[in-house]
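The next block holds one structure in the form of structure tokens; read it before the comments.
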Amino acid sequence: MRKTIESCITFFSWGALFLLLMALFTLIAYLIQKGADSIQLSLFFGDTTPLDALLLRRQVFDGLFPAIAGTFILIACSMLIAIPIGVAGGIYMAEYCKGKLKPLFNLTFDILAGIPSIVVGLAGLLLTILLNRHFPRQIAPCLLLSCLCLALLVLPYLIRTTQTALESIDPLIRKTAPALGASRSQNITLVLLPHSISDIISGIILATGRCAEDTAVIMLTGVVATAGFPRSLLGQYEALPFYIYYISSQYTGPEELANGFGAAIILLLLCIGLLGLALWIQRRFTTFLLFR
Amino acid sequence: MLRSYSPSEYLFFTAAVFSGLLTAAVFGFLFFFGLPLLQSGQLADVLFSSWAPGKGLYGIYPMLLSSLTLATLSMLISFPISLGCSFIITALAPLRLRRVLLALIRVMTGIPTVVYSFAALFFLVPLMRNLIGHGSGMSILTAAPVLALVIAPTMILFFVNSFNKVSPRFTLAAEALGCSKIQKILYIILPQAWPGVINGILLGFGRAMGDTMVSLMLAGNSTAMPEAVTDSARTLTAHIALVLAFDFDSMEFKSIFVCGLSLYLLTALLMLLFRLSTAYFSQAR
Amino acid sequence: MRKNSISIPLVTITSVVVLFFASWSIAAGDISPFDQQKGTLRIAGGTAHIPVMKEAAKQIINYNPQIHISIAGGGSGLGIKQAGEGLVDIGNAGRKPSDQEIQKFDLQLLKWAVDGVGAVVHPTNKVQSLTSTQLQAIYAGKIGNWQEVGGVDRQINLYTRDEASGTRKVFWNKALAKGDISTKANVVVSNGAMKTAIAGDPFAIGFVSIGHIDKSVAPVALDGITPALTTVRSGEYHVARGLYSLTKGEPTGLAKLFLDFLVSPTGQQIVADKGFIPVK
């Protein structure tokens, strides 16, 4: 009897794995089959010549170039805001935070990590409306706002990965420098941070991937269907994930739909590429994935 | 707290407090904008009535129900699959295959949900339409497996992680006594690591509740009370995305803050449970 | 016979050439105010407007790349509010804003096209004509099977738009006589999405702006009158509306130039090309 149950569970486990991989590969194969043909120069630049588009001489219509550029600028600005705060917060949590404050902070960051991205976007939109009431016609949903919201979204992951990276350092290494007379901040900057830098960087790259894929936040905070290359932080912009969503609901013909599939493949490659990079830098990084 | 702060420590402390305050600020924003509604005593109306702006009803009850139904259903699909996969990755598969699978699952966490939804919209929806035989093919039942696929890697990694934390003393002893791999999992690892399984479920459920794109693109967005899983339905997150096109002063707009607030509180509650159970079980051990 | 077969291509070629030069010279004239201009123009709102907005923007930017134009959807409700709140320069609406809205936000209206809203079904659907009563009953959920209106024995899949939609408002006012729309209806967020959904669902019924009707969907005649450009223009088909662009106060700068361009002969040609009825 027991044997039967055991072999049933074994069989079921393999079945579960098979089902999961089937689902994954079916969707991806479908995507590639539909989108592979569309990946060519016109997917990126529409009917504008690549040179004109790259030199920003002419706004690109019906091409992915502005959306890709928008996504990259979005990622860069969000991470620029989030990294200093996140890493500093993580260092505090790992090295300084003690007593009753620690569980409180832990819970706070868990909650922050758990807030659905659309709620973060909603909060950002509210901020804009409030500002707009005070500075009419100057503040509107824009790239900067999206960056601030995305930074908020990835902040808890950065704090967590930094914290875990530092906390998992061998006590032997941790205590050597202070024993030789190094100050606490010397120990952090010269020993602990360099020692855990690969974990921290992989955390940063994973957060970058999250910025690249999130659609709900930017949907409420300034992404639009057509805007051209983003010229100002206070302007509206295009982004890849939103382009995919927009095409899914608004495509007017087979060409536009094919563009949507092409865009989905490119976003997929971008995100998998970032993840591969993180894996390559650091093999063991469970915390981020667990808490995302 | 008695010793003085060094400048760098002060800086780190500020960053942490700032991040903490942001958590509160998001809540504060939602609360502040939802306040007129709370004061007017219409909260119960909004929470427990249906959505029919034409008739002066701004309720989010159908969305609340849809969100919970969709999240539960996708958990029901995802949990057994995730548990099975984690058994395989922990012990059942040969070592080399385990590494490959683990890397693959990690890569899966990076696949954008909008890409999943986009592929499913054109692949799964027509399939479901024929399978169900009525309706548009967009339904809770269509969104659930896709959402299950989205949350599965998170749960698998959490399960695997907690299984791996079981001390090798136990597992090695079991192996020495001639335990098979599946016996090792069922009688040694699982009894020790089940708190981790519960925590994985909590996290997975939170992710399922918070996801916007899958339900927005695949569940059909009808505002009716869902009566069957084959019905088209709108979740809280999709409702926020859809109703945003309204007057900032109007009831419609205010009611989506109740949506935001409910989502915030629900996920915060899940996280609190998660922390409490982690603390409880680590103490119990 | 022989004469004819030569003259037809000749006439065609001549007229194409003439038209080309005519439109080119007109275009140069209509678009020349954009000389020396630069800056950014934000447009949002009605989704029926988007094809026209996009084409106009494309022509303007091809003429003067110094100008940047962003175009967002969101529905008429959003267009009115965002223009009113000053979040965009031009808000589009597929319905006339209420007097209260006009007053509250100090809105200026420009009507640049006339459009109809027609019920549509999948091209394979046999039912391509309904009475008003039938349509209202279908949308209220009282008729739930195609068999009841002469089709196959399958459930009717209802599609409607979100509440910010001007298309929905016009359809509800004029075709459904403000009757109920079943809450079981699937909700989509744009005219494009509606067309996509109906084209992919053999048992669906929905409604779109006439400018969006093409081969992928079949228009449903209402009380015997097929929604089309001709029937809207002649006034026979009554589910019609104006397409508006709104500004907060008098339009200035690029917004004014853009709106002037829309009602210029070139702009109106774009309107006609995209399947709407020009106002001039």
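If you're wondering about the labels, chains in the structure tokens are A, B, ... by order shown, residues count from 1 in each chain, ligands from 1 in order shown.
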
Given a cut-off of 10 Å, which residues of chain A touch chain C, counting only C-alpha atoms, written out as a ChimeraX atom specification?
/A:48,56-62,128-129,132-133,136-141,222-231,235-238,246-253

Given the selection you just returned, output its residues as a file containing N, CA and C atoms, formatted as a short mmCIF file (atom, residue, chain, number, x, y, z; two decimals), in the first residue's frame.
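Ended up saving to result-v8.cif:
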data_model
loop_
_atom_site.label_atom_id
_atom_site.label_comp_id
_atom_site.auth_asym_id
_atom_site.auth_seq_id
_atom_site.Cartn_x
_atom_site.Cartn_y
_atom_site.Cartn_z
N THR A 48 11.18 54.88 -41.14
CA THR A 48 12.25 55.86 -41.02
C THR A 48 13.57 55.14 -41.29
N LEU A 56 18.26 60.69 -34.00
CA LEU A 56 17.10 61.42 -33.50
C LEU A 56 16.67 62.54 -34.43
N ARG A 57 16.96 62.36 -35.74
CA ARG A 57 16.55 63.40 -36.67
C ARG A 57 15.06 63.35 -36.92
N ARG A 58 14.49 62.18 -36.77
CA ARG A 58 13.09 62.03 -37.13
C ARG A 58 12.40 61.06 -36.17
N GLN A 59 11.22 61.44 -35.71
CA GLN A 59 10.45 60.56 -34.83
C GLN A 59 10.04 59.29 -35.57
N VAL A 60 10.20 58.15 -34.90
CA VAL A 60 9.87 56.88 -35.54
C VAL A 60 8.41 56.51 -35.24
N PHE A 61 7.66 56.23 -36.29
CA PHE A 61 6.31 55.71 -36.11
C PHE A 61 6.32 54.23 -36.47
N ASP A 62 5.45 53.45 -35.83
CA ASP A 62 5.28 52.04 -36.16
C ASP A 62 6.58 51.24 -36.08
N THR A 128 1.07 62.75 -8.76
CA THR A 128 1.04 63.67 -9.89
C THR A 128 -0.16 64.60 -9.82
N ILE A 129 -1.30 64.03 -9.49
CA ILE A 129 -2.50 64.86 -9.46
C ILE A 129 -2.37 65.94 -8.40
N ASN A 132 0.00 68.44 -9.67
CA ASN A 132 -0.62 69.19 -10.77
C ASN A 132 -1.56 70.26 -10.26
N ARG A 133 -2.23 69.97 -9.14
CA ARG A 133 -3.13 70.97 -8.56
C ARG A 133 -2.34 72.20 -8.13
N PRO A 136 -0.15 73.91 -11.92
CA PRO A 136 -0.94 73.53 -13.08
C PRO A 136 -0.11 73.60 -14.36
N ARG A 137 -0.36 72.66 -15.24
CA ARG A 137 0.25 72.62 -16.56
C ARG A 137 1.74 72.37 -16.56
N GLN A 138 2.30 72.07 -15.41
CA GLN A 138 3.73 71.78 -15.41
C GLN A 138 4.01 70.32 -15.14
N ILE A 139 3.25 69.75 -14.23
CA ILE A 139 3.46 68.36 -13.87
C ILE A 139 2.37 67.50 -14.49
N ALA A 140 2.77 66.50 -15.21
CA ALA A 140 1.83 65.54 -15.78
C ALA A 140 2.50 64.19 -15.67
N PRO A 141 1.73 63.11 -15.84
CA PRO A 141 2.39 61.80 -15.85
C PRO A 141 3.56 61.81 -16.84
N GLY A 222 2.39 57.42 -17.22
CA GLY A 222 2.94 58.25 -18.29
C GLY A 222 3.36 57.57 -19.57
N VAL A 223 3.25 56.25 -19.66
CA VAL A 223 3.62 55.62 -20.92
C VAL A 223 2.47 55.82 -21.91
N VAL A 224 2.80 56.06 -23.16
CA VAL A 224 1.77 56.26 -24.18
C VAL A 224 2.07 55.42 -25.41
N ALA A 225 1.11 55.39 -26.33
CA ALA A 225 1.25 54.55 -27.51
C ALA A 225 2.26 55.11 -28.49
N THR A 226 2.27 56.42 -28.67
CA THR A 226 3.14 57.05 -29.64
C THR A 226 3.78 58.28 -29.02
N ALA A 227 5.09 58.29 -28.92
CA ALA A 227 5.73 59.47 -28.34
C ALA A 227 7.09 59.76 -28.96
N GLY A 228 7.65 58.81 -29.69
CA GLY A 228 8.99 59.00 -30.21
C GLY A 228 10.02 58.80 -29.13
N PHE A 229 11.27 59.07 -29.48
CA PHE A 229 12.38 58.93 -28.54
C PHE A 229 12.16 59.85 -27.35
N PRO A 230 12.30 59.35 -26.12
CA PRO A 230 12.07 60.23 -24.97
C PRO A 230 13.12 61.35 -24.90
N ARG A 231 12.65 62.58 -24.93
CA ARG A 231 13.60 63.70 -24.97
C ARG A 231 13.76 64.36 -23.63
N GLY A 235 8.66 64.32 -20.04
CA GLY A 235 7.80 64.03 -21.17
C GLY A 235 7.23 62.61 -21.09
N GLN A 236 6.25 62.36 -21.94
CA GLN A 236 5.73 61.00 -22.01
C GLN A 236 6.65 60.17 -22.90
N TYR A 237 6.49 58.86 -22.86
CA TYR A 237 7.45 57.99 -23.52
C TYR A 237 6.78 56.70 -23.92
N GLU A 238 7.48 55.91 -24.72
CA GLU A 238 7.00 54.57 -25.06
C GLU A 238 7.86 53.54 -24.33
N TYR A 246 -0.47 47.18 -25.61
CA TYR A 246 -1.23 48.05 -26.51
C TYR A 246 -1.56 47.32 -27.82
N ILE A 247 -0.57 46.66 -28.38
CA ILE A 247 -0.81 45.92 -29.63
C ILE A 247 -1.83 44.81 -29.41
N SER A 248 -1.74 44.14 -28.25
CA SER A 248 -2.65 43.02 -28.02
C SER A 248 -4.10 43.48 -28.06
N SER A 249 -4.35 44.72 -27.65
CA SER A 249 -5.74 45.15 -27.62
C SER A 249 -6.11 46.03 -28.82
N GLN A 250 -5.14 46.63 -29.48
CA GLN A 250 -5.49 47.64 -30.47
C GLN A 250 -4.98 47.37 -31.87
N TYR A 251 -4.44 46.18 -32.11
CA TYR A 251 -3.82 46.01 -33.43
C TYR A 251 -4.86 46.14 -34.54
N THR A 252 -4.45 46.78 -35.62
CA THR A 252 -5.39 47.04 -36.70
C THR A 252 -5.23 46.06 -37.85
N GLY A 253 -4.12 45.34 -37.89
CA GLY A 253 -3.95 44.41 -39.00
C GLY A 253 -2.86 43.41 -38.69
#

Check every residue of chain B for an atom within 6 Å of chain A, counting only C-alpha atoms, and provide those that qualify as an NGL selection string.
:B and (12-13 or 15-16 or 23 or 26 or 81 or 84-85 or 110 or 112 or 115 or 119 or 154 or 158 or 210 or 260 or 264 or 267-268 or 271)

I'd like a table as JSON lines: residues in chain B with an atom no more than 12 Å from chain C, each row giving the shortest atom pair and its distance in Å to one decimal, only C-alpha atoms counted, sorted by chain and rising residue number.
{"residue": "B:Ser50", "atom": "CA", "partner": "C:Thr183", "partner_atom": "CA", "distance": 9.7}
{"residue": "B:Trp51", "atom": "CA", "partner": "C:Thr183", "partner_atom": "CA", "distance": 8.5}
{"residue": "B:Ala52", "atom": "CA", "partner": "C:Thr183", "partner_atom": "CA", "distance": 8.2}
{"residue": "B:Pro53", "atom": "CA", "partner": "C:Glu163", "partner_atom": "CA", "distance": 8.3}
{"residue": "B:Gly54", "atom": "CA", "partner": "C:Asp180", "partner_atom": "CA", "distance": 9.2}
{"residue": "B:Lys55", "atom": "CA", "partner": "C:Asp180", "partner_atom": "CA", "distance": 10.2}
{"residue": "B:Pro62", "atom": "CA", "partner": "C:Thr183", "partner_atom": "CA", "distance": 10.6}
{"residue": "B:Leu121", "atom": "CA", "partner": "C:Ala197", "partner_atom": "CA", "distance": 10.5}
{"residue": "B:Phe122", "atom": "CA", "partner": "C:Gly200", "partner_atom": "CA", "distance": 9.2}
{"residue": "B:Phe123", "atom": "CA", "partner": "C:Gly200", "partner_atom": "CA", "distance": 11.5}
{"residue": "B:Val125", "atom": "CA", "partner": "C:Gly200", "partner_atom": "CA", "distance": 9.5}
{"residue": "B:Pro126", "atom": "CA", "partner": "C:Gly200", "partner_atom": "CA", "distance": 7.7}
{"residue": "B:Leu127", "atom": "CA", "partner": "C:Asp201", "partner_atom": "CA", "distance": 11.2}
{"residue": "B:Met128", "atom": "CA", "partner": "C:Asp201", "partner_atom": "CA", "distance": 11.4}
{"residue": "B:Arg129", "atom": "CA", "partner": "C:Asp201", "partner_atom": "CA", "distance": 8.3}
{"residue": "B:Asn130", "atom": "CA", "partner": "C:Asp201", "partner_atom": "CA", "distance": 10.2}
{"residue": "B:Ile132", "atom": "CA", "partner": "C:Gln155", "partner_atom": "CA", "distance": 11.2}
{"residue": "B:Gly133", "atom": "CA", "partner": "C:Arg154", "partner_atom": "CA", "distance": 8.2}
{"residue": "B:His134", "atom": "CA", "partner": "C:Gln155", "partner_atom": "CA", "distance": 5.6}
{"residue": "B:Gly135", "atom": "CA", "partner": "C:Asn157", "partner_atom": "CA", "distance": 5.4}
{"residue": "B:Ser136", "atom": "CA", "partner": "C:Asn157", "partner_atom": "CA", "distance": 5.8}
{"residue": "B:Gly137", "atom": "CA", "partner": "C:Asp201", "partner_atom": "CA", "distance": 8.5}
{"residue": "B:Met138", "atom": "CA", "partner": "C:Asn186", "partner_atom": "CA", "distance": 8.2}
{"residue": "B:Ser139", "atom": "CA", "partner": "C:Asn186", "partner_atom": "CA", "distance": 9.4}
{"residue": "B:Leu216", "atom": "CA", "partner": "C:Val188", "partner_atom": "CA", "distance": 9.6}
{"residue": "B:Met217", "atom": "CA", "partner": "C:Val188", "partner_atom": "CA", "distance": 9.3}
{"residue": "B:Leu218", "atom": "CA", "partner": "C:Asn186", "partner_atom": "CA", "distance": 10.7}
{"residue": "B:Ala219", "atom": "CA", "partner": "C:Asn186", "partner_atom": "CA", "distance": 9.0}
{"residue": "B:Gly220", "atom": "CA", "partner": "C:Asn186", "partner_atom": "CA", "distance": 5.2}
{"residue": "B:Asn221", "atom": "CA", "partner": "C:Val187", "partner_atom": "CA", "distance": 5.3}
{"residue": "B:Ser222", "atom": "CA", "partner": "C:Asn186", "partner_atom": "CA", "distance": 4.7}
{"residue": "B:Thr223", "atom": "CA", "partner": "C:Thr183", "partner_atom": "CA", "distance": 5.4}
{"residue": "B:Ala224", "atom": "CA", "partner": "C:Thr183", "partner_atom": "CA", "distance": 4.7}
{"residue": "B:Met225", "atom": "CA", "partner": "C:Lys184", "partner_atom": "CA", "distance": 8.2}
{"residue": "B:Pro226", "atom": "CA", "partner": "C:Lys184", "partner_atom": "CA", "distance": 8.7}
{"residue": "B:Glu227", "atom": "CA", "partner": "C:Lys184", "partner_atom": "CA", "distance": 10.3}
{"residue": "B:Ala228", "atom": "CA", "partner": "C:Lys184", "partner_atom": "CA", "distance": 11.8}
{"residue": "B:Thr230", "atom": "CA", "partner": "C:Lys184", "partner_atom": "CA", "distance": 11.8}
{"residue": "B:Asp231", "atom": "CA", "partner": "C:Lys184", "partner_atom": "CA", "distance": 8.1}
{"residue": "B:Ser232", "atom": "CA", "partner": "C:Asn186", "partner_atom": "CA", "distance": 6.6}
{"residue": "B:Ala233", "atom": "CA", "partner": "C:Asn186", "partner_atom": "CA", "distance": 8.2}
{"residue": "B:Arg234", "atom": "CA", "partner": "C:Val187", "partner_atom": "CA", "distance": 9.0}
{"residue": "B:Ala238", "atom": "CA", "partner": "C:Val187", "partner_atom": "CA", "distance": 11.0}
{"residue": "B:His239", "atom": "CA", "partner": "C:Asp162", "partner_atom": "CA", "distance": 10.3}
{"residue": "B:Ala241", "atom": "CA", "partner": "C:Val189", "partner_atom": "CA", "distance": 10.2}
{"residue": "B:Leu242", "atom": "CA", "partner": "C:Asp162", "partner_atom": "CA", "distance": 7.2}
{"residue": "B:Val243", "atom": "CA", "partner": "C:Asp162", "partner_atom": "CA", "distance": 7.7}
{"residue": "B:Leu244", "atom": "CA", "partner": "C:Leu78", "partner_atom": "CA", "distance": 8.1}
{"residue": "B:Ala245", "atom": "CA", "partner": "C:Leu78", "partner_atom": "CA", "distance": 4.7}
{"residue": "B:Phe246", "atom": "CA", "partner": "C:Leu78", "partner_atom": "CA", "distance": 6.0}
{"residue": "B:Asp247", "atom": "CA", "partner": "C:Lys81", "partner_atom": "CA", "distance": 6.1}
{"residue": "B:Phe248", "atom": "CA", "partner": "C:Lys81", "partner_atom": "CA", "distance": 8.1}
{"residue": "B:Asp249", "atom": "CA", "partner": "C:Lys81", "partner_atom": "CA", "distance": 10.3}
{"residue": "B:Ser250", "atom": "CA", "partner": "C:Lys81", "partner_atom": "CA", "distance": 11.0}
{"residue": "B:Glu252", "atom": "CA", "partner": "C:Glu163", "partner_atom": "CA", "distance": 9.9}
{"residue": "B:Phe253", "atom": "CA", "partner": "C:Ala164", "partner_atom": "CA", "distance": 11.6}

Which value, in Å to one decimal, gives the distance between CA of Leu30 (chain B) and CA of Val258 (chain B)?
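We find that CA of Leu30 (chain B) and CA of Val258 (chain B) lie 7.8 Å from each other.
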
Can you check which residues of region 78-273 of chain C DSSP gives as strand (DSSP E) on the backbone and send them as a PyMOL selection string?
chain C and resi 90-93+107-121+129-130+157-161+186-188+204-209+218-219+221-222+240-248

Spatial neighbours of region 195-200 of chain B, 8 Å, only C-alpha atoms, chain gap at least 4 places, as a list in words
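Within the cut-off, the hits are Thr154, Met155, Phe158, Phe159, Ser162, Phe163, Gly204, Phe274, Ser277, Thr278 and Phe281 of chain B.
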
Hey, can you spit out that residue selection with N, CA, C and O atoms as a CSV table (one decimal), in the first residue's frame?
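Contents of result-v4.csv, as written:
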chain,number,residue,atom,x,y,z
B,154,THR,N,8.3,30.9,-8.4
B,154,THR,CA,8.5,31.4,-7.1
B,154,THR,C,8.3,30.4,-6.0
B,154,THR,O,9.1,30.2,-5.1
B,155,MET,N,7.2,29.7,-6.2
B,155,MET,CA,6.9,28.7,-5.2
B,155,MET,C,7.9,27.5,-5.2
B,155,MET,O,8.4,27.1,-4.2
B,158,PHE,N,11.0,28.5,-3.5
B,158,PHE,CA,10.9,28.6,-2.1
B,158,PHE,C,10.8,27.2,-1.5
B,158,PHE,O,11.5,27.0,-0.4
B,159,PHE,N,10.1,26.3,-2.1
B,159,PHE,CA,10.0,24.9,-1.6
B,159,PHE,C,11.4,24.3,-1.6
B,159,PHE,O,11.8,23.7,-0.6
B,162,SER,N,13.6,25.6,1.2
B,162,SER,CA,13.3,25.1,2.5
B,162,SER,C,13.6,23.6,2.7
B,162,SER,O,14.0,23.2,3.7
B,163,PHE,N,13.4,22.8,1.6
B,163,PHE,CA,13.8,21.4,1.6
B,163,PHE,C,15.3,21.2,1.8
B,163,PHE,O,15.8,20.4,2.6
B,204,GLY,N,3.1,32.9,-2.8
B,204,GLY,CA,2.5,32.6,-4.1
B,204,GLY,C,1.1,33.2,-4.2
B,204,GLY,O,0.8,33.9,-5.2
B,274,PHE,N,3.1,35.6,7.0
B,274,PHE,CA,4.3,35.0,6.6
B,274,PHE,C,5.4,35.2,7.6
B,274,PHE,O,6.1,34.3,8.0
B,277,SER,N,4.5,33.3,10.9
B,277,SER,CA,4.7,31.9,10.8
B,277,SER,C,6.2,31.6,10.8
B,277,SER,O,6.6,30.6,11.4
B,278,THR,N,7.0,32.4,10.1
B,278,THR,CA,8.4,32.2,10.1
B,278,THR,C,9.0,32.2,11.5
B,278,THR,O,9.7,31.4,11.9
B,281,PHE,N,7.7,29.2,13.7
B,281,PHE,CA,8.3,27.9,13.4
B,281,PHE,C,9.7,27.9,13.7
B,281,PHE,O,10.3,26.9,14.1

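The spacing separating CA of Lys165 (chain B) from CA of Leu83 (chain B) amounts to 15.9 Å.
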
Residue contacts of Ala228 (chain C) (9 Å, only C-alpha atoms) excluding same-chain residues fewer than 4 positions away, as a ChimeraX atom specification
/C:116,118,210-211,213,219,232-233,237

Keeping only C-alpha atoms, write those residues as a PDB file, in the first residue's frame.
ATOM      1  CA  GLY C 116     -21.304  56.561 -36.852  1.00  0.00           C
ATOM      2  CA  GLY C 118     -22.445  50.425 -35.673  1.00  0.00           C
ATOM      3  CA  ILE C 210     -17.678  53.136 -38.490  1.00  0.00           C
ATOM      4  CA  GLY C 211     -14.168  54.253 -39.373  1.00  0.00           C
ATOM      5  CA  ILE C 213     -15.186  48.655 -39.778  1.00  0.00           C
ATOM      6  CA  PRO C 219     -21.686  45.481 -39.835  1.00  0.00           C
ATOM      7  CA  VAL C 232     -24.523  58.239 -41.925  1.00  0.00           C
ATOM      8  CA  ARG C 233     -23.884  61.088 -44.339  1.00  0.00           C
ATOM      9  CA  TYR C 237     -28.421  55.840 -40.024  1.00  0.00           C
TER      10      TYR C 237
END

Have a look at B:Gln42, B:Leu263, B:Gln192, B:Phe79 and name the one nearest to Gly56 (chain B); count only C-alpha atoms.
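Nearest to Gly56 (chain B): B:Gln42.
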
CA of Leu143 (chain A) to CA of Ser232 (chain A), distance in Å rounded to a single decimal
7.7 Å

Could you go through region 25-170 of chain C and tell me which residues DSSP, when run on the backbone, assigns to helix (DSSP H, G or I), listing them as a ChimeraX atom specification?
/C:25-34,50-63,76-85,99-105,132-140,146-149,166-170

Take the residues from that selection and put them in a file with C-alpha atoms, as a PDB file, in the first residue's frame.
ATOM      1  CA  SER C  25       0.670  71.365 -53.302  1.00  0.00           C
ATOM      2  CA  ILE C  26      -2.236  71.529 -50.881  1.00  0.00           C
ATOM      3  CA  ALA C  27      -0.224  69.636 -48.312  1.00  0.00           C
ATOM      4  CA  ALA C  28       2.651  72.044 -48.610  1.00  0.00           C
ATOM      5  CA  GLY C  29       0.265  74.927 -48.111  1.00  0.00           C
ATOM      6  CA  ASP C  30      -1.626  73.430 -45.179  1.00  0.00           C
ATOM      7  CA  ILE C  31       1.404  72.201 -43.348  1.00  0.00           C
ATOM      8  CA  SER C  32       3.618  75.267 -43.842  1.00  0.00           C
ATOM      9  CA  PRO C  33       2.542  76.949 -40.569  1.00  0.00           C
ATOM     10  CA  PHE C  34       4.637  74.289 -38.859  1.00  0.00           C
ATOM     11  CA  ILE C  50      -6.139  57.638 -32.883  1.00  0.00           C
ATOM     12  CA  PRO C  51      -5.689  56.610 -36.562  1.00  0.00           C
ATOM     13  CA  VAL C  52      -6.329  60.188 -37.708  1.00  0.00           C
ATOM     14  CA  MET C  53      -4.132  61.665 -34.972  1.00  0.00           C
ATOM     15  CA  LYS C  54      -1.310  59.289 -35.813  1.00  0.00           C
ATOM     16  CA  GLU C  55      -1.425  60.026 -39.538  1.00  0.00           C
ATOM     17  CA  ALA C  56      -1.610  63.787 -38.977  1.00  0.00           C
ATOM     18  CA  ALA C  57       1.295  63.607 -36.541  1.00  0.00           C
ATOM     19  CA  LYS C  58       3.288  61.541 -38.999  1.00  0.00           C
ATOM     20  CA  GLN C  59       2.813  64.115 -41.771  1.00  0.00           C
ATOM     21  CA  ILE C  60       3.673  67.024 -39.495  1.00  0.00           C
ATOM     22  CA  ILE C  61       6.810  65.344 -38.164  1.00  0.00           C
ATOM     23  CA  ASN C  62       7.918  64.301 -41.629  1.00  0.00           C
ATOM     24  CA  TYR C  63       7.618  67.938 -42.564  1.00  0.00           C
ATOM     25  CA  SER C  76     -13.275  60.091 -24.270  1.00  0.00           C
ATOM     26  CA  GLY C  77     -13.822  60.471 -20.532  1.00  0.00           C
ATOM     27  CA  LEU C  78     -10.071  60.538 -20.000  1.00  0.00           C
ATOM     28  CA  GLY C  79      -9.587  62.962 -22.885  1.00  0.00           C
ATOM     29  CA  ILE C  80     -12.043  65.436 -21.380  1.00  0.00           C
ATOM     30  CA  LYS C  81     -10.613  65.168 -17.882  1.00  0.00           C
ATOM     31  CA  GLN C  82      -6.962  65.257 -18.885  1.00  0.00           C
ATOM     32  CA  ALA C  83      -7.485  68.269 -21.118  1.00  0.00           C
ATOM     33  CA  GLY C  84      -9.508  69.868 -18.326  1.00  0.00           C
ATOM     34  CA  GLU C  85      -6.846  69.202 -15.718  1.00  0.00           C
ATOM     35  CA  ASP C  99     -22.306  71.596 -20.376  1.00  0.00           C
ATOM     36  CA  GLN C 100     -21.173  71.072 -16.830  1.00  0.00           C
ATOM     37  CA  GLU C 101     -17.821  69.701 -18.009  1.00  0.00           C
ATOM     38  CA  ILE C 102     -17.381  72.519 -20.514  1.00  0.00           C
ATOM     39  CA  GLN C 103     -18.064  75.104 -17.846  1.00  0.00           C
ATOM     40  CA  LYS C 104     -16.018  73.492 -15.097  1.00  0.00           C
ATOM     41  CA  PHE C 105     -12.892  73.102 -17.210  1.00  0.00           C
ATOM     42  CA  SER C 132     -33.730  47.964 -32.522  1.00  0.00           C
ATOM     43  CA  THR C 133     -35.850  45.895 -30.146  1.00  0.00           C
ATOM     44  CA  GLN C 134     -33.794  42.772 -30.824  1.00  0.00           C
ATOM     45  CA  LEU C 135     -30.512  44.642 -30.361  1.00  0.00           C
ATOM     46  CA  GLN C 136     -31.709  46.141 -27.088  1.00  0.00           C
ATOM     47  CA  ALA C 137     -32.870  42.747 -25.853  1.00  0.00           C
ATOM     48  CA  ILE C 138     -29.536  41.203 -26.808  1.00  0.00           C
ATOM     49  CA  TYR C 139     -27.569  43.846 -24.926  1.00  0.00           C
ATOM     50  CA  ALA C 140     -29.876  43.635 -21.915  1.00  0.00           C
ATOM     51  CA  TRP C 146     -28.195  33.387 -31.744  1.00  0.00           C
ATOM     52  CA  GLN C 147     -30.983  30.933 -32.580  1.00  0.00           C
ATOM     53  CA  GLU C 148     -33.564  33.392 -31.241  1.00  0.00           C
ATOM     54  CA  VAL C 149     -32.624  35.922 -33.902  1.00  0.00           C
ATOM     55  CA  GLY C 166     -17.597  57.907 -25.950  1.00  0.00           C
ATOM     56  CA  THR C 167     -18.423  55.203 -28.482  1.00  0.00           C
ATOM     57  CA  ARG C 168     -20.254  53.303 -25.779  1.00  0.00           C
ATOM     58  CA  LYS C 169     -22.128  56.392 -24.665  1.00  0.00           C
ATOM     59  CA  VAL C 170     -23.344  57.199 -28.176  1.00  0.00           C
TER      60      VAL C 170
END

Please provide the set of residues having any atom within 7 Å of region 249-259 of chain C, restricted to only C-alpha atoms, with same-chain residues fewer than 2 positions apart removed, written as a ChimeraX atom specification.
/C:33,41,89-90,106-108,247,261-263
